[in-house]
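Presented below is the structure to which this report refers.
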Amino acid sequence: MFNLWLAFRSIKSKKNFNLTAIFSILGLSLGVASLVVSMVILTSYFGTLKKTVIDIYGHINMVRNLTYLPDKKIEDDIPEDLRKDILHITPFLNASAVSVHNGKMSAVFIQGFDPVTVNKVLNLKSRSVKGDPPFSGKDYSQDENPPIWVGKRLAEKFNLKVGENLNLVVPTNNALENFDPKVQQFNVKGTLSFGRYDYDLRYLITNVKALKEFADLKDRNFGYRIKIKDSELAPEFSKKFNQSLGSEKYWASSWRSINSNLFAAVDFEKWIIFFVMMIIIVVASFNVASTLFVNVLRQFKDIAVLKSLGLPAHQIKRVFLLQGMIIGLVGYTLGLILGFSLCYGFVFAQEKWNILNSKVYKLESLTLSYEVFDLFVIAVVCLLICFLATLVPAAKGGHLEPMKGFGYE
């Protein structure tokens, strides 16, 4: 405690707490802030992309082989050792179509879900922007046209309002020479923000029964979305499932396999950027070292007095090491505050001006998130670099001879 008191007293003294000391702390803070911003933004990007995919696709996406016509429940096809990890299952059906409204056309992708089980697996309700949330329990059976929910970008493109009808066109025969289009109107019950520009521009959602009747698909392209206990186990789950069944009945893929290149890139780039940004902290540590060197020179008399009173050299060294660690801790704290302030500013700018182009980076917005482990690593690196930077000035102060110190006065 005595060494810590001496370290604080030395830093607070007017002759030591000068412009050089302030700049060394600011330089360290900027380095930490740069690291915090890069780690938090990449973590937020990964987390937002993951949530977007899981909300729409669930943890596991199981697609049925077209040649396989099951006559039993899906649970009977899942290996017994994997069933214990499953929480809920919901069926789905996909179809490609052309949407027509107000003289405009666009290729779209329709997904049909079971209204009873879909909300146990997917999180579509949270994606609602206007109108009724999808599959909220309302009865649309008496309506003239079946219900449908559209992405907000598609609604903007077509100037489509909730309650209006949307014309959809699908072929009812796969043979090109016998192309027979079928047209049907769907009533728009609401608009959704899927969180991705391409999804918001192309995706439509309806109930599986209406899609079967409209596209005459019966059981073709039929599959299941699965929610398991731990989303991080999804890649392992799908791998075990495919190893057990091959591709004869179903093919399973995890949320991570969707946009796997983006997920892999974020994982790789995160630590590359970490080491690049760490150079700023290394450079700032030289300022810390030079500040402590100046402090040693300015305190030759004080060090000499302490030594003449019997304070051993190792305690003198410890005082200067503690000074470096205090500067590092203050720099880290200020950098943390500055870094998170910049992150919140970035999220605000993204929502207001779309500085992260959604057409390029896929996401419409970022939900700020961070990992405590990342902040811990930044703290350890910052304090370690400051500790190493103070070794030489601390050794200089510890080895000072008392008579030499008095000779400077």
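Identifiers for the structure tokens are assigned positionally: chains receive A, B, ... in sequence, residues are indexed from 1 per chain, and ligands are indexed from 1 in the order shown.
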Next on the checklist: DSSP on the backbone, strand (DSSP E or B) only: what residues of segment 162-345 of chain A does that give? Format it as a PyMOL selection string.
Outcome noted: chain A and resi 165-171+181-192+196+203-207+222-228+250-254
Checklist entry - Hey, what does DSSP flag as alpha helix (DSSP H) within segment 285-373 of chain A? Can you give it to me as a ChimeraX atom specification? => result /A:285-298,300-308,313-353,358-361,372-373
Selected residues written out with C-alpha atoms, as a PDB file, in the first residue's frame:
```
ATOM      1  CA  SER A 285       3.530   2.908 -24.760  1.00  0.00           C
ATOM      2  CA  PHE A 286       6.694   4.690 -25.908  1.00  0.00           C
ATOM      3  CA  ASN A 287       5.082   7.922 -24.728  1.00  0.00           C
ATOM      4  CA  VAL A 288       4.409   6.258 -21.359  1.00  0.00           C
ATOM      5  CA  ALA A 289       8.063   5.145 -21.150  1.00  0.00           C
ATOM      6  CA  SER A 290       9.364   8.621 -22.042  1.00  0.00           C
ATOM      7  CA  THR A 291       7.018  10.205 -19.472  1.00  0.00           C
ATOM      8  CA  LEU A 292       8.348   7.922 -16.741  1.00  0.00           C
ATOM      9  CA  PHE A 293      11.946   8.622 -17.832  1.00  0.00           C
ATOM     10  CA  VAL A 294      11.268  12.334 -17.357  1.00  0.00           C
ATOM     11  CA  ASN A 295       9.672  11.609 -13.970  1.00  0.00           C
ATOM     12  CA  VAL A 296      12.784   9.714 -12.881  1.00  0.00           C
ATOM     13  CA  LEU A 297      15.015  12.636 -13.863  1.00  0.00           C
ATOM     14  CA  ARG A 298      12.745  15.090 -12.080  1.00  0.00           C
ATOM     15  CA  PHE A 300      16.375  12.291  -8.505  1.00  0.00           C
ATOM     16  CA  LYS A 301      16.383  14.177  -5.217  1.00  0.00           C
ATOM     17  CA  ASP A 302      13.229  12.442  -3.938  1.00  0.00           C
ATOM     18  CA  ILE A 303      14.613   9.032  -4.877  1.00  0.00           C
ATOM     19  CA  ALA A 304      17.906   9.857  -3.180  1.00  0.00           C
ATOM     20  CA  VAL A 305      16.086  10.886   0.025  1.00  0.00           C
ATOM     21  CA  LEU A 306      14.055   7.669   0.027  1.00  0.00           C
ATOM     22  CA  LYS A 307      17.164   5.573  -0.506  1.00  0.00           C
ATOM     23  CA  SER A 308      19.070   7.388   2.203  1.00  0.00           C
ATOM     24  CA  ALA A 313      16.000  -0.477  -4.764  1.00  0.00           C
ATOM     25  CA  HIS A 314      13.291  -3.047  -5.563  1.00  0.00           C
ATOM     26  CA  GLN A 315      10.672  -0.866  -3.853  1.00  0.00           C
ATOM     27  CA  ILE A 316      11.776   2.160  -5.865  1.00  0.00           C
ATOM     28  CA  LYS A 317      11.373   0.068  -9.019  1.00  0.00           C
ATOM     29  CA  ARG A 318       7.964  -1.053  -7.848  1.00  0.00           C
ATOM     30  CA  VAL A 319       6.823   2.555  -7.399  1.00  0.00           C
ATOM     31  CA  PHE A 320       7.644   3.393 -11.028  1.00  0.00           C
ATOM     32  CA  LEU A 321       6.131   0.143 -12.268  1.00  0.00           C
ATOM     33  CA  LEU A 322       2.942   1.022 -10.411  1.00  0.00           C
ATOM     34  CA  GLN A 323       3.002   4.473 -12.011  1.00  0.00           C
ATOM     35  CA  GLY A 324       3.098   2.840 -15.439  1.00  0.00           C
ATOM     36  CA  MET A 325       0.269   0.483 -14.534  1.00  0.00           C
ATOM     37  CA  ILE A 326      -1.843   3.372 -13.188  1.00  0.00           C
ATOM     38  CA  ILE A 327      -1.287   5.301 -16.427  1.00  0.00           C
ATOM     39  CA  GLY A 328      -2.226   2.145 -18.362  1.00  0.00           C
ATOM     40  CA  LEU A 329      -5.377   1.628 -16.285  1.00  0.00           C
ATOM     41  CA  VAL A 330      -6.465   5.260 -16.699  1.00  0.00           C
ATOM     42  CA  GLY A 331      -5.734   5.088 -20.425  1.00  0.00           C
ATOM     43  CA  TYR A 332      -7.708   1.834 -20.762  1.00  0.00           C
ATOM     44  CA  THR A 333     -10.708   3.243 -18.836  1.00  0.00           C
ATOM     45  CA  LEU A 334     -10.815   6.437 -20.895  1.00  0.00           C
ATOM     46  CA  GLY A 335     -10.322   4.417 -24.095  1.00  0.00           C
ATOM     47  CA  LEU A 336     -13.185   2.107 -23.122  1.00  0.00           C
ATOM     48  CA  ILE A 337     -15.518   5.075 -22.579  1.00  0.00           C
ATOM     49  CA  LEU A 338     -14.411   6.741 -25.813  1.00  0.00           C
ATOM     50  CA  GLY A 339     -14.627   3.477 -27.774  1.00  0.00           C
ATOM     51  CA  PHE A 340     -18.194   2.697 -26.712  1.00  0.00           C
ATOM     52  CA  SER A 341     -19.214   6.310 -27.349  1.00  0.00           C
ATOM     53  CA  LEU A 342     -17.890   5.996 -30.903  1.00  0.00           C
ATOM     54  CA  CYS A 343     -19.694   2.656 -31.324  1.00  0.00           C
ATOM     55  CA  TYR A 344     -23.039   4.142 -30.297  1.00  0.00           C
ATOM     56  CA  GLY A 345     -22.335   7.082 -32.604  1.00  0.00           C
ATOM     57  CA  PHE A 346     -21.646   4.659 -35.453  1.00  0.00           C
ATOM     58  CA  VAL A 347     -24.908   2.767 -34.863  1.00  0.00           C
ATOM     59  CA  PHE A 348     -26.824   6.057 -34.802  1.00  0.00           C
ATOM     60  CA  ALA A 349     -25.157   7.176 -38.057  1.00  0.00           C
ATOM     61  CA  GLN A 350     -25.923   3.804 -39.645  1.00  0.00           C
ATOM     62  CA  GLU A 351     -29.614   4.059 -38.825  1.00  0.00           C
ATOM     63  CA  LYS A 352     -29.836   7.687 -39.927  1.00  0.00           C
ATOM     64  CA  TRP A 353     -27.560   7.797 -43.003  1.00  0.00           C
ATOM     65  CA  SER A 358     -26.840  -2.467 -46.875  1.00  0.00           C
ATOM     66  CA  LYS A 359     -26.522  -3.570 -50.501  1.00  0.00           C
ATOM     67  CA  VAL A 360     -22.850  -4.439 -49.936  1.00  0.00           C
ATOM     68  CA  TYR A 361     -22.761  -5.533 -46.295  1.00  0.00           C
ATOM     69  CA  VAL A 372     -16.458  -9.568 -22.215  1.00  0.00           C
ATOM     70  CA  PHE A 373     -13.542 -11.773 -23.266  1.00  0.00           C
TER      71      PHE A 373
END
```
Item to check | Pick from A:Gly103, A:Pro134, A:Pro115, A:Pro70, whichever lies nearest to Tyr250 of chain A using only C-alpha atoms | outcome: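 Nearest candidate to Tyr250 of chain A out of A:Gly103, A:Pro134, A:Pro115, A:Pro70: A:Pro70.
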Item to check | Straight-line distance linking atom CA of Gly131 of chain A with atom CA of Tyr224 of chain A, stated in Å to one decimal | outcome: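 Value for the atom CA of Gly131 of chain A-atom CA of Tyr224 of chain A distance: 26.9 Å.
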Checklist entry - Of the residues A:Ile86, A:Ile228, A:Ile148, A:Val37, which is the one nearest to Tyr203 of chain A, using only C-alpha atoms? => result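 Counting only C-alpha atoms, the residue closest to Tyr203 of chain A is A:Ile148.
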Next on the checklist: Which residues are near segment 275-279 of chain A? Cut-off 7 Å, only C-alpha atoms, ignore same chain within fewer than 4 positions. Put them as number ranges by chain.
Outcome noted: A: 34-35, 271, 283
Item to check | Distance criterion (only C-alpha atoms): nearest to Lys50 of chain A out of A:Leu217, A:Leu366, A:Ala284, A:Val116 | outcome: A:Leu366
Checklist entry - So which one's closest to Ile226 of chain A, A:Tyr197, A:Tyr57, A:Phe214, A:Phe376? Using only C-alpha atoms, please. => result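 Selected residue with least distance to Ile226 of chain A: A:Tyr57.
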Item to check | Surrounding residues of Lys227 of chain A excluding itself and chain neighbours under 3 positions, 10 Å, only C-alpha atoms, as an NGL selection string | outcome: :A and (54 or 57-61 or 85-90 or 120-122 or 230-231 or 234)
Item to check | Pick from A:Ser96, A:Leu26, A:Met39, A:Gly31 nearest to Leu368 of chain A, counting only C-alpha atoms | outcome: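 Closest to Leu368 of chain A, using only C-alpha atoms: A:Met39.
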Item to check | Spatial neighbours of Ser38 of chain A, max dist 8 Å, only C-alpha atoms, sep filter under 5 positions, as a list of chain:residue names | outcome: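 Within the cut-off, the hits are A:Lys270, A:Ile273, A:Phe274.
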Next on the checklist: Can you measure atom CA of Thr43 of chain A to atom CA of Thr367 of chain A for me? One decimal in Å is fine.
Outcome noted: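 Straight-line distance from atom CA of Thr43 of chain A to atom CA of Thr367 of chain A works out to 9.7 Å.
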Checklist entry - Between atom CA of Tyr199 of chain A and atom CA of Arg153 of chain A, what is the distance, to one decimal in Å? => result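 The value is 8.5 Å.
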So that I can check the surroundings of segment 155-163 of chain A, please list as a PDB file with N, CA and C atoms, in the first residue's frame every protein, DNA and RNA residue that reaches within 7 Å of it, counting only C-alpha atoms and ignoring chain neighbours fewer than 4 positions away.
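As written to disk, part.pdb reads:
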```
ATOM      1  N   HIS A 101     -47.556  -5.526 -59.230  1.00  0.00           N
ATOM      2  CA  HIS A 101     -48.388  -4.539 -58.539  1.00  0.00           C
ATOM      3  C   HIS A 101     -48.108  -3.155 -59.104  1.00  0.00           C
ATOM      4  N   ASN A 102     -49.158  -2.415 -59.386  1.00  0.00           N
ATOM      5  CA  ASN A 102     -49.036  -1.049 -59.900  1.00  0.00           C
ATOM      6  C   ASN A 102     -48.122  -0.945 -61.119  1.00  0.00           C
ATOM      7  N   LYS A 104     -45.584  -2.770 -61.855  1.00  0.00           N
ATOM      8  CA  LYS A 104     -44.198  -3.171 -61.597  1.00  0.00           C
ATOM      9  C   LYS A 104     -44.138  -4.668 -61.352  1.00  0.00           C
ATOM     10  N   GLY A 131     -48.708  -3.273 -39.725  1.00  0.00           N
ATOM     11  CA  GLY A 131     -49.778  -4.255 -39.842  1.00  0.00           C
ATOM     12  C   GLY A 131     -49.696  -5.332 -38.776  1.00  0.00           C
ATOM     13  N   VAL A 150     -44.914  -9.200 -46.486  1.00  0.00           N
ATOM     14  CA  VAL A 150     -43.869  -8.884 -47.456  1.00  0.00           C
ATOM     15  C   VAL A 150     -42.744  -8.103 -46.792  1.00  0.00           C
ATOM     16  N   GLY A 151     -41.535  -8.179 -47.389  1.00  0.00           N
ATOM     17  CA  GLY A 151     -40.401  -7.405 -46.914  1.00  0.00           C
ATOM     18  C   GLY A 151     -40.628  -5.917 -47.146  1.00  0.00           C
ATOM     19  N   ASN A 187     -53.654 -11.045 -49.903  1.00  0.00           N
ATOM     20  CA  ASN A 187     -53.906  -9.805 -49.175  1.00  0.00           C
ATOM     21  C   ASN A 187     -52.755  -9.527 -48.209  1.00  0.00           C
ATOM     22  N   VAL A 188     -52.155  -8.365 -48.348  1.00  0.00           N
ATOM     23  CA  VAL A 188     -50.995  -7.988 -47.522  1.00  0.00           C
ATOM     24  C   VAL A 188     -51.466  -7.640 -46.113  1.00  0.00           C
ATOM     25  N   LYS A 189     -51.043  -8.444 -45.155  1.00  0.00           N
ATOM     26  CA  LYS A 189     -51.440  -8.225 -43.766  1.00  0.00           C
ATOM     27  C   LYS A 189     -50.404  -7.419 -42.976  1.00  0.00           C
ATOM     28  N   GLY A 190     -49.204  -7.326 -43.520  1.00  0.00           N
ATOM     29  CA  GLY A 190     -48.180  -6.575 -42.811  1.00  0.00           C
ATOM     30  C   GLY A 190     -46.869  -6.573 -43.568  1.00  0.00           C
TER      31      GLY A 190
END
```
Item to check | Residue nearest Ile205 of chain A - candidates A:Pro146, A:Pro181, A:Pro235, A:Pro312, atoms counted: only C-alpha atoms | outcome: A:Pro146
